[in-house]
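Colleague: File name start.cif; file contents mmCIF, C-alpha atoms and all ligand atoms; full text below.
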```cif
data_final
#
loop_
_atom_site.label_atom_id
_atom_site.label_comp_id
_atom_site.auth_asym_id
_atom_site.auth_seq_id
_atom_site.Cartn_x
_atom_site.Cartn_y
_atom_site.Cartn_z
CA MET A 23 0.00 0.00 0.00
CA ILE A 24 2.79 2.40 0.91
CA SER A 25 4.44 1.41 -2.35
CA GLU A 26 1.37 2.64 -4.24
CA PHE A 27 1.72 6.08 -2.67
CA ASN A 28 5.46 6.00 -3.32
CA ARG A 29 4.86 5.16 -6.93
CA PHE A 30 2.48 8.08 -7.23
CA PHE A 31 4.84 10.60 -5.65
CA LYS A 32 7.64 9.39 -7.89
CA SER A 33 5.63 9.85 -11.09
CA LYS A 34 7.31 12.83 -12.62
CA SER A 35 5.26 14.28 -15.39
CA LEU A 36 1.93 15.70 -14.33
CA ALA A 37 -0.26 16.95 -17.14
CA SER A 38 -2.36 18.97 -14.69
CA THR A 39 -3.07 19.26 -10.96
CA TYR A 40 -6.06 16.92 -11.25
CA LYS A 41 -4.45 13.73 -9.96
CA PRO A 42 -2.87 15.07 -6.76
CA THR A 43 -6.04 17.06 -6.08
CA LEU A 44 -8.10 13.90 -6.43
CA VAL A 45 -5.86 12.10 -3.94
CA LYS A 46 -6.33 15.11 -1.65
CA CYS A 47 -10.09 14.59 -1.91
CA LEU A 48 -9.68 10.89 -1.01
CA LEU A 49 -7.50 11.84 1.93
CA ASP A 50 -10.60 13.46 3.34
CA LEU A 51 -12.07 10.00 3.88
CA ALA A 52 -9.76 9.81 6.88
CA ASP A 53 -11.72 12.28 8.95
CA TYR A 54 -14.73 13.97 7.45
CA THR A 55 -17.47 15.16 9.75
CA SER A 56 -21.04 13.95 9.56
CA ASP A 57 -22.35 16.88 7.53
CA GLU A 58 -19.54 16.82 4.99
CA GLY A 59 -21.04 14.09 2.87
CA ASN A 60 -21.31 11.01 5.07
CA GLN A 61 -24.42 9.95 3.16
CA TRP A 62 -22.08 9.14 0.27
CA VAL A 63 -19.80 6.80 2.19
CA LYS A 64 -21.01 3.28 2.99
CA GLN A 65 -18.96 0.73 4.88
CA LYS A 66 -19.43 -3.00 4.44
CA GLY A 67 -16.89 -5.18 6.16
CA ASP A 68 -13.45 -3.83 5.32
CA THR A 69 -14.57 -2.02 2.18
CA TYR A 70 -15.91 1.48 1.78
CA THR A 71 -18.06 2.50 -1.17
CA VAL A 72 -17.71 6.18 -1.93
CA ASP A 73 -20.15 8.00 -4.19
CA LEU A 74 -18.41 10.40 -6.59
CA HIS A 75 -20.38 13.31 -5.12
CA PHE A 76 -18.11 13.05 -2.07
CA ILE A 77 -15.12 13.65 -4.34
CA ALA A 78 -16.78 16.30 -6.53
CA ALA A 79 -17.73 18.45 -3.53
CA ARG A 80 -14.09 18.51 -2.44
CA PHE A 81 -12.78 19.00 -5.94
CA LEU A 82 -14.87 22.17 -6.17
CA ARG A 83 -13.82 23.22 -2.69
CA TYR A 84 -10.10 22.89 -3.49
CA TYR A 85 -10.20 24.59 -6.89
CA HIS A 86 -12.47 27.47 -5.82
CA PRO A 87 -9.79 29.55 -4.03
CA LEU A 88 -7.20 28.79 -6.72
CA ARG A 89 -9.51 30.25 -9.34
CA PHE A 90 -11.19 33.14 -7.50
CA LYS A 91 -9.04 34.09 -4.53
CA PHE A 92 -5.53 33.54 -5.85
CA LYS A 93 -6.32 33.64 -9.58
CA LEU A 94 -3.79 30.96 -10.42
CA LYS A 95 -3.52 29.66 -13.94
CA GLN A 96 -3.66 25.90 -14.37
CA GLU A 97 -2.07 25.88 -17.80
CA ALA A 98 0.88 27.72 -19.25
CA THR A 99 -1.28 28.58 -22.22
CA LYS A 100 -4.59 30.41 -22.32
CA LYS A 101 -6.41 27.09 -22.36
CA ARG A 102 -8.98 26.78 -19.61
CA ILE A 103 -9.29 23.59 -17.62
CA ALA A 104 -12.72 22.02 -17.23
CA ILE A 105 -13.04 22.57 -13.48
CA TYR A 106 -12.38 26.31 -13.90
CA SER A 107 -15.04 26.52 -16.61
CA ILE A 108 -17.54 24.89 -14.26
CA LEU A 109 -16.63 27.21 -11.39
CA GLU A 110 -17.05 30.19 -13.70
CA GLU A 111 -20.34 28.95 -15.03
CA TYR A 112 -21.71 28.77 -11.48
CA GLU A 113 -19.84 31.81 -10.21
CA GLU A 114 -22.99 33.56 -9.03
CA GLN A 115 -24.35 30.60 -7.16
CA LEU A 116 -21.04 29.74 -5.51
CA GLY A 117 -20.00 33.27 -4.72
CA ILE A 118 -16.44 34.38 -5.32
CA LYS A 119 -15.69 36.57 -2.29
CA SER A 120 -15.23 33.67 0.08
CA THR A 121 -14.72 29.95 -0.43
CA PRO A 122 -17.79 27.84 0.41
CA SER A 123 -17.09 25.25 3.12
CA LYS A 124 -17.05 21.51 2.44
CA LYS A 125 -20.38 21.31 4.23
CA ILE A 126 -21.92 23.80 1.81
CA MET A 127 -20.29 22.12 -1.20
CA CYS A 128 -21.96 18.90 -0.05
CA SER A 129 -25.40 20.48 0.31
CA GLU A 130 -28.40 19.77 -1.91
CA LYS A 131 -28.14 23.27 -3.35
CA PHE A 132 -25.00 22.32 -5.26
CA SER A 133 -25.96 18.86 -6.51
CA GLU A 134 -26.16 20.05 -10.11
CA ILE A 135 -22.66 21.59 -9.95
CA ARG A 136 -21.28 18.40 -8.43
CA GLU A 137 -22.93 16.30 -11.11
CA LYS A 138 -21.40 18.51 -13.76
CA THR A 139 -18.01 18.25 -12.07
CA ILE A 140 -18.23 14.46 -12.15
CA ILE A 141 -19.23 14.31 -15.81
CA ASN A 142 -17.85 17.43 -17.55
CA GLY A 143 -15.11 18.07 -15.02
CA ALA A 144 -13.46 14.91 -16.29
CA ILE A 145 -13.48 13.11 -12.94
CA ARG A 146 -15.43 10.07 -14.12
CA GLN A 147 -13.95 9.57 -17.57
CA GLN A 148 -10.38 10.68 -17.13
CA VAL A 149 -9.00 11.54 -13.74
CA LEU A 150 -10.27 8.48 -11.87
CA PRO A 151 -9.14 5.86 -14.39
CA LYS A 152 -5.82 7.62 -15.07
CA LEU A 153 -4.96 8.12 -11.43
CA ARG A 154 -5.57 4.42 -10.84
CA ASN A 155 -2.67 3.65 -13.19
CA ASP A 156 -0.31 5.64 -10.98
CA CYS A 157 -1.81 4.90 -7.61
CA ASN A 158 -3.79 1.72 -7.35
CA ILE A 159 -5.67 2.34 -4.12
CA TYR A 160 -9.29 2.02 -5.26
CA THR A 161 -11.48 0.23 -7.76
CA ILE A 162 -14.10 1.91 -9.91
CA ASN A 163 -17.56 0.41 -9.68
CA SER A 164 -19.44 -0.51 -12.81
CA GLY A 165 -21.51 2.45 -13.94
CA SER A 166 -18.71 4.65 -12.55
CA LYS A 167 -20.88 6.36 -9.98
CA SER A 168 -18.75 5.30 -7.05
CA ILE A 169 -15.42 3.81 -6.09
CA GLN A 170 -14.44 1.17 -3.57
CA ILE A 171 -11.60 1.67 -1.21
CA LYS A 172 -10.23 -0.66 1.48
CA LYS A 173 -10.38 0.24 5.14
CA GLU A 174 -6.63 -0.36 5.54
CA ILE A 175 -5.96 2.38 2.98
CA ILE A 176 -8.20 4.82 4.81
CA ASP A 177 -6.51 3.89 8.08
CA PHE A 178 -3.13 4.46 6.49
CA MET A 179 -4.26 7.86 5.20
CA ARG A 180 -5.56 8.76 8.65
CA ASP A 181 -2.26 7.84 10.32
CA ASN A 182 -0.23 9.79 7.78
CA LYS A 183 -2.62 12.56 6.86
CA LYS A 184 -0.35 15.55 7.55
CA LEU A 185 2.56 13.96 5.71
CA LEU A 186 0.49 12.97 2.68
CA GLU A 187 -1.17 16.36 2.59
CA SER A 188 2.15 18.21 2.48
CA ALA A 189 3.49 15.87 -0.18
CA LEU A 190 0.38 16.44 -2.31
CA ASN A 191 0.47 20.21 -1.83
CA HIS A 192 4.13 20.16 -2.77
CA MET A 193 3.32 18.29 -5.96
CA ILE A 194 0.51 20.71 -6.83
CA ALA A 195 2.65 23.76 -6.02
CA GLU A 196 5.50 22.47 -8.14
CA TYR A 197 3.16 22.19 -11.10
CA LEU A 198 1.51 25.58 -10.53
CA GLU A 199 4.89 27.30 -10.26
CA LYS A 200 5.49 26.36 -13.87
CA CYS A 201 2.49 28.36 -15.05
CA ASN A 202 2.39 31.23 -12.54
CA SER A 203 4.87 33.74 -11.18
CA SER A 204 2.62 34.36 -8.20
CA PRO A 205 4.64 34.08 -4.95
CA ASN A 206 4.10 31.69 -2.03
CA ILE A 207 2.00 29.14 -3.92
CA SER A 208 2.62 26.34 -1.42
CA THR A 209 1.35 28.55 1.41
CA LYS A 210 -1.70 29.35 -0.69
CA LEU A 211 -2.52 25.66 -0.89
CA GLU A 212 -2.51 25.28 2.86
CA GLU A 213 -5.74 26.06 4.53
CA LYS A 214 -6.39 28.28 7.51
CA ILE A 215 -3.58 30.74 6.96
CA SER A 216 -4.48 33.90 8.77
CA ARG A 217 -3.49 37.36 7.75
CA THR A 218 -0.56 38.67 9.72
CA THR A 219 0.27 42.27 10.60
CA LEU A 220 3.36 44.29 11.40
CA THR A 221 4.00 44.89 15.09
CA LYS A 222 2.57 48.09 16.56
CA ASP A 223 6.03 49.59 16.95
CA LYS A 224 7.07 48.92 13.39
CA PHE A 225 3.82 50.28 12.04
CA GLN A 226 4.01 53.40 14.18
CA LYS A 227 7.47 54.03 12.71
CA MET A 228 5.91 53.89 9.24
CA ILE A 229 3.17 56.33 10.21
CA ASN A 230 5.84 58.69 11.51
CA MET A 231 7.80 58.34 8.26
CA GLN A 232 4.63 59.36 6.43
CA ASN A 233 4.20 62.33 8.80
CA SER A 234 0.84 60.90 9.84
CA CYS A 235 -0.51 61.33 6.32
CA CYS A 236 -2.27 58.67 4.24
CA PHE A 237 0.13 57.13 1.72
CA TYR A 238 -2.40 57.50 -1.10
CA CYS A 239 -4.47 60.66 -0.57
CA GLY A 240 -2.07 62.54 1.69
CA ASN A 241 -4.76 63.49 4.22
CA LYS A 242 -3.57 63.88 7.80
CA GLY A 243 -5.15 61.53 10.29
CA ASP A 244 -4.81 59.74 13.56
CA SER A 245 -6.10 56.31 12.62
CA PHE A 246 -4.50 54.28 9.86
CA ALA A 247 -4.96 50.83 8.38
CA GLN A 248 -2.03 48.54 7.59
CA GLU A 249 -2.45 48.52 3.86
CA HIS A 250 -0.98 45.75 1.71
CA PHE A 251 0.25 47.60 -1.38
CA LEU A 252 0.39 44.46 -3.53
CA PRO A 253 -2.87 42.72 -2.59
CA TRP A 254 -2.66 40.24 0.29
CA ASN A 255 -4.08 37.41 -1.81
CA PHE A 256 -1.28 37.91 -4.31
CA LEU A 257 1.72 38.20 -2.01
CA PHE A 258 0.13 36.18 0.81
CA GLN A 259 2.69 37.39 3.28
CA THR A 260 3.19 40.46 5.42
CA GLU A 261 6.49 42.10 4.55
CA ASN A 262 7.42 45.62 5.57
CA TYR A 263 8.31 46.58 1.98
CA ASN A 264 4.68 46.01 1.04
CA ILE A 265 2.97 47.67 4.01
CA ILE A 266 2.00 51.32 4.11
CA ALA A 267 -0.29 53.40 6.29
CA ALA A 268 -3.55 54.32 4.57
CA CYS A 269 -6.66 56.14 5.76
CA GLN A 270 -9.77 53.97 6.12
CA THR A 271 -11.37 55.49 3.01
CA CYS A 272 -8.45 54.72 0.71
CA ASN A 273 -7.93 51.33 2.33
CA SER A 274 -11.46 50.13 1.70
CA SER A 275 -11.70 51.74 -1.74
CA LYS A 276 -8.47 50.11 -2.88
CA ASN A 277 -9.42 46.72 -1.45
CA ASP A 278 -7.63 43.96 -3.41
CA LYS A 279 -6.89 46.07 -6.47
CA LEU A 280 -3.47 47.05 -7.66
CA PRO A 281 -2.51 50.72 -7.20
CA HIS A 282 -1.50 52.95 -10.10
CA GLY A 283 2.15 53.05 -11.14
CA LYS A 284 2.73 56.47 -9.56
CA TYR A 285 2.31 54.83 -6.16
CA LEU A 286 4.81 52.15 -7.14
CA ASN A 287 7.48 54.82 -7.52
CA LYS A 288 6.43 56.28 -4.21
CA ILE A 289 6.67 53.00 -2.30
CA ILE A 290 10.04 52.18 -3.88
CA LYS A 291 11.29 55.53 -2.64
CA ARG A 292 9.79 54.94 0.79
CA ASN A 293 11.41 51.52 0.99
CA GLN A 294 14.85 53.13 0.57
CA SER A 295 14.46 54.46 4.11
CA LEU A 296 13.46 51.13 5.70
CA ASP A 297 16.33 49.67 7.66
CA ASP A 298 15.12 46.08 8.05
CA LEU A 299 14.21 45.00 4.53
CA PRO A 300 14.20 41.25 3.94
CA MET A 301 17.10 39.69 2.09
CA GLY A 302 16.41 39.58 -1.61
CA TYR A 303 14.55 42.86 -1.70
CA SER A 304 15.59 45.32 -4.39
CA GLU A 305 13.96 47.97 -6.53
CA GLU A 306 14.06 45.50 -9.41
CA PHE A 307 12.36 42.84 -7.31
CA MET A 308 9.55 45.23 -6.35
CA LYS A 309 9.02 46.25 -9.97
CA ASN A 310 8.88 42.61 -11.08
CA MET A 311 6.39 41.71 -8.37
CA TYR A 312 4.23 44.65 -9.35
CA GLU A 313 4.28 43.68 -13.02
CA ASN A 314 3.54 40.01 -12.29
CA CYS A 315 0.67 41.06 -10.07
CA ARG A 316 -0.70 43.30 -12.82
CA LEU A 317 -0.56 40.60 -15.46
CA GLU A 318 -1.58 37.56 -13.46
CA TYR A 319 -3.68 38.80 -10.57
CA HIS A 320 -5.11 42.24 -11.25
CA GLY A 321 -5.75 41.77 -14.94
CA ARG A 322 -3.80 43.16 -17.86
CA ASP A 323 -6.65 45.32 -19.19
CA LYS A 324 -8.17 46.39 -15.91
CA THR A 325 -7.80 49.98 -14.74
CA LEU A 326 -5.32 50.40 -11.90
CA TRP A 327 -6.67 51.84 -8.67
CA GLN A 328 -6.03 55.42 -7.74
CA ASN A 329 -7.35 57.86 -5.25
CA VAL A 330 -9.48 60.51 -6.93
ZN ZN B 1 -6.34 58.18 2.02
#
```
In structure tokens, write the structure found in this file.
Ligand SMILES: [Zn+2]
Modeller:
Amino acid sequence: MISEFNRFFKSKSLASTYKPTLVKCLLDLADYTSDEGNQWVKQKGDTYTVDLHFIAARFLRYYHPLRFKFKLKQEATKKRIAIYSILEEYEEQLGIKSTPSKKIMCSEKFSEIREKTIINGAIRQQVLPKLRNDCNIYTINSGSKSIQIKKEIIDFMRDNKKLLESALNHMIAEYLEKCNSSPNISTKLEEKISRTTLTKDKFQKMINMQNSCCFYCGNKGDSFAQEHFLPWNFLFQTENYNIIAACQTCNSSKNDKLPHGKYLNKIIKRNQSLDDLPMGYSEEFMKNMYENCRLEYHGRDKTLWQNV
């Protein structure tokens, strides 16, 4: 059994992130809660039968933030993968501001989207049979509406969940790094990462450097937000070179947009006076990050944000 996982992790050439994501969905069999699709898992002796809706709900759950929150491409070309097309088709129903929980993805409301994911999202015809060639841990039932998986495999996944999860995320990140220049992809694949902030002292220093004026509009104030210049969901890290003090109005108006180039010059200049920049920071680095964010996250043709 371990050798099947080994074989999978050794397989070099991924054609997409589908296979490792599917294994990630199966890993969930180790400890799902009762409202996350237990109606689709039936145990008989030492064999579990798992309806494909269990997998589809998780497939949607894992790809949703990659498409809407982090805007990561899944192909080096402009080609769109099937699961992204489905997510886009149901964008309104799913919502794009926050990622629906597994519980919600398993609800009746989304049965049509799950069905589509199983059929058009290539799970039934392609991913399941192909993955089985690399990682023989389940059998596909006739009619292809469910799979069978042995209890010992689920037990193994439960005992090694953290390890398997990191190995799978590593595999997915490695693939995504080939098609995106977005930073911190492996962190983006981990769940429950909370937004960090600069310490009070460090931030107060910044406010003083700005003479208690908003970085964008220049208005004087006494309450400032820690503003991520390059959007948080792009950088996914709090670094002093990317934090500025902004008034509440500018902060909420800018939101996750990319600021106009005139502010880029301003922040580069500001950063020259920071004394604890991380290693690897340079003007060139900041310009590259900004350009990558514009092309891959903000949108090439979208208007850049500015205070008016
Ligand atoms: Zn302002």
Colleague: Listing only residues of chain A within 10 Å of ligand ZN 1 (chain B), what is the closest atom pair and its distance in Å (to one decimal) for each, using only C-alpha atoms and all ligand atoms, sorted by chain and residue number ascending, as a Markdown table?
Modeller:
```
| residue | atom | partner | partner_atom | distance |
| --- | --- | --- | --- | --- |
| A:Cys235 | CA | B:ZN1 | ZN | 7.9 |
| A:Cys236 | CA | B:ZN1 | ZN | 4.7 |
| A:Phe237 | CA | B:ZN1 | ZN | 6.6 |
| A:Tyr238 | CA | B:ZN1 | ZN | 5.1 |
| A:Cys239 | CA | B:ZN1 | ZN | 4.0 |
| A:Gly240 | CA | B:ZN1 | ZN | 6.1 |
| A:Asn241 | CA | B:ZN1 | ZN | 6.0 |
| A:Lys242 | CA | B:ZN1 | ZN | 8.6 |
| A:Gly243 | CA | B:ZN1 | ZN | 9.0 |
| A:Phe246 | CA | B:ZN1 | ZN | 8.9 |
| A:Ala247 | CA | B:ZN1 | ZN | 9.8 |
| A:Ala267 | CA | B:ZN1 | ZN | 8.8 |
| A:Ala268 | CA | B:ZN1 | ZN | 5.4 |
| A:Cys269 | CA | B:ZN1 | ZN | 4.3 |
| A:Gln270 | CA | B:ZN1 | ZN | 6.8 |
| A:Thr271 | CA | B:ZN1 | ZN | 5.8 |
| A:Cys272 | CA | B:ZN1 | ZN | 4.3 |
| A:Asn273 | CA | B:ZN1 | ZN | 7.0 |
| A:Ser274 | CA | B:ZN1 | ZN | 9.5 |
| A:Ser275 | CA | B:ZN1 | ZN | 9.2 |
| A:Lys276 | CA | B:ZN1 | ZN | 9.7 |
| A:Asn329 | CA | B:ZN1 | ZN | 7.3 |
| A:Val330 | CA | B:ZN1 | ZN | 9.8 |
```
Colleague: If you measure from atom CA of A:Met193 to atom CA of A:Phe31, what distance in Å do you get, rounded to one decimal?
Modeller: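 Going from atom CA of A:Met193 over to atom CA of A:Phe31, I get 7.8 Å.
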Colleague: Which of these residues is nearest to A:Ile126, using only C-alpha atoms: A:Lys95, A:Gly59, A:Ile215, A:Met179?
Modeller: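 Using only C-alpha atoms, A:Ile126 sits closest to A:Gly59.
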Colleague: Using only C-alpha atoms, which of A:Leu190, A:Lys210, A:Ile266, A:Lys183 sits nearest A:Lys224?
Modeller: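 Looking at the shortest contact to A:Lys224, the residue is A:Ile266.
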Colleague: For a test of reading the model, state the distance in Å between atom CA of A:Glu174 and atom CA of A:Tyr85, rounded to one decimal.
Modeller: 28.1 Å
Colleague: Find the distance between atom CA of A:Ile24 and atom CA of A:Cys47 and write it in Å to one decimal.
Modeller: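 A separation of 18.0 Å between them.
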Colleague: Considering only C-alpha atoms, state which residue in the set A:Asn310, A:Ser304, A:Asn277, A:Asn233 is at the smallest distance from A:Ser203.
Modeller: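 Result for the nearest residue to A:Ser203: A:Asn310.
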Colleague: Find the residues near stretch 109-123 of chain A: any atom within 7 Å, counting all atoms listed in the file, skip ones fewer than 4 places away on the same chain, and give them as a ChimeraX atom specification.
Modeller: /A:83,86-87,90,105,127
Colleague: Which residues come within 12 Å of A:Ser38, counting only C-alpha atoms, excluding same-chain residues fewer than 2 positions away, as a PyMOL selection string?
Modeller: chain A and resi 34-36+40-44+95-98+101-105+144+148-149+152-153+193-201
Colleague: Taking all atoms listed in the file into account, name the residue in A:Thr218, A:Ser166, A:Gln147, A:Ser234 that is nearest to A:Val72.
Modeller: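 The answer is A:Ser166, which sits nearest to A:Val72.
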Colleague: Identify, on the basis of only C-alpha atoms, every residue whose closest approach to A:Asn287 does not exceed 12 Å; exclude the query and any residue fewer than 6 positions from it along the same chain; express the result as a PDB file with C-alpha atoms, keeping the file's coordinate frame.
Modeller:
```pdb
ATOM      1  CA  PHE A 251       0.250  47.600  -1.380  1.00  0.00           C
ATOM      2  CA  PRO A 281      -2.510  50.720  -7.200  1.00  0.00           C
ATOM      3  CA  ASN A 293      11.410  51.520   0.990  1.00  0.00           C
ATOM      4  CA  GLN A 294      14.850  53.130   0.570  1.00  0.00           C
ATOM      5  CA  GLU A 305      13.960  47.970  -6.530  1.00  0.00           C
ATOM      6  CA  GLU A 306      14.060  45.500  -9.410  1.00  0.00           C
ATOM      7  CA  MET A 308       9.550  45.230  -6.350  1.00  0.00           C
ATOM      8  CA  LYS A 309       9.020  46.250  -9.970  1.00  0.00           C
ATOM      9  CA  TYR A 312       4.230  44.650  -9.350  1.00  0.00           C
TER      10      TYR A 312
END
```
Colleague: May I have the residues at most 12 Å from (3.6, 34.7, -4.1) in the file's coordinates, counting all atoms listed in the file, as an MDAnalysis selection string?
Modeller: chainID A and resid 92:94 195 198:199 202:211 252:261 310:312 314:315 318:319
Colleague: Just the residues within 10 Å of A:Lys32, please, counting only C-alpha atoms, with nothing from its chain fewer than 5 positions along; format it as a tab-separated table (two decimals) with C-alpha atoms, in the coordinates of the input.
Modeller:
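The result, written out as result.tsv:
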```
chain	number	residue	atom	x	y	z
A	26	GLU	CA	1.37	2.64	-4.24
A	27	PHE	CA	1.72	6.08	-2.67
A	156	ASP	CA	-0.31	5.64	-10.98
```
Colleague: Let me make sure I understand: among A:His250, A:Lys46, A:Lys279, A:Lys222, which one has the smallest atom-to-atom distance to A:Leu326 if we use only C-alpha atoms?
Modeller: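 Selected residue with least distance to A:Leu326: A:Lys279.
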Colleague: For each of A:Glu249, A:Glu130, A:Asp57, A:Asp73, take the minimum atom-to-atom distance to A:Arg146, counting all atoms listed in the file, then give the residue where this is smallest.
Modeller: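 Result for the nearest residue to A:Arg146: A:Asp73.
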Colleague: What lies within 12 Å of A:Arg29 using all atoms listed in the file, ignoring chain neighbours under 6 positions off, as a VMD selection string?
Modeller: chain A and resid 23 153 to 159
Colleague: Go ahead and dump the residues you just picked, C-alpha atoms, as a short mmCIF file (atom, residue, chain, number, x, y, z; two decimals), keeping the file's coordinate frame.
Modeller:
```
data_model
loop_
_atom_site.label_atom_id
_atom_site.label_comp_id
_atom_site.auth_asym_id
_atom_site.auth_seq_id
_atom_site.Cartn_x
_atom_site.Cartn_y
_atom_site.Cartn_z
CA MET A 23 0.00 0.00 0.00
CA LEU A 153 -4.96 8.12 -11.43
CA ARG A 154 -5.57 4.42 -10.84
CA ASN A 155 -2.67 3.65 -13.19
CA ASP A 156 -0.31 5.64 -10.98
CA CYS A 157 -1.81 4.90 -7.61
CA ASN A 158 -3.79 1.72 -7.35
CA ILE A 159 -5.67 2.34 -4.12
#
```
Colleague: Would you please take stretch 257-282 of chain A of the structure in the block above and write C-alpha atoms to a file as a JSON list (two decimals), in the first residue's frame?
Modeller:
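New file selection07.json:
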```
[["chain", "number", "residue", "atom", "x", "y", "z"],
["A", 257, "LEU", "CA", 1.72, 38.20, -2.01],
["A", 258, "PHE", "CA", 0.13, 36.18, 0.81],
["A", 259, "GLN", "CA", 2.69, 37.39, 3.28],
["A", 260, "THR", "CA", 3.19, 40.46, 5.42],
["A", 261, "GLU", "CA", 6.49, 42.10, 4.55],
["A", 262, "ASN", "CA", 7.42, 45.62, 5.57],
["A", 263, "TYR", "CA", 8.31, 46.58, 1.98],
["A", 264, "ASN", "CA", 4.68, 46.01, 1.04],
["A", 265, "ILE", "CA", 2.97, 47.67, 4.01],
["A", 266, "ILE", "CA", 2.00, 51.32, 4.11],
["A", 267, "ALA", "CA", -0.29, 53.40, 6.29],
["A", 268, "ALA", "CA", -3.55, 54.32, 4.57],
["A", 269, "CYS", "CA", -6.66, 56.14, 5.76],
["A", 270, "GLN", "CA", -9.77, 53.97, 6.12],
["A", 271, "THR", "CA", -11.37, 55.49, 3.01],
["A", 272, "CYS", "CA", -8.45, 54.72, 0.71],
["A", 273, "ASN", "CA", -7.93, 51.33, 2.33],
["A", 274, "SER", "CA", -11.46, 50.13, 1.70],
["A", 275, "SER", "CA", -11.70, 51.74, -1.74],
["A", 276, "LYS", "CA", -8.47, 50.11, -2.88],
["A", 277, "ASN", "CA", -9.42, 46.72, -1.45],
["A", 278, "ASP", "CA", -7.63, 43.96, -3.41],
["A", 279, "LYS", "CA", -6.89, 46.07, -6.47],
["A", 280, "LEU", "CA", -3.47, 47.05, -7.66],
["A", 281, "PRO", "CA", -2.51, 50.72, -7.20],
["A", 282, "HIS", "CA", -1.50, 52.95, -10.10]]
```
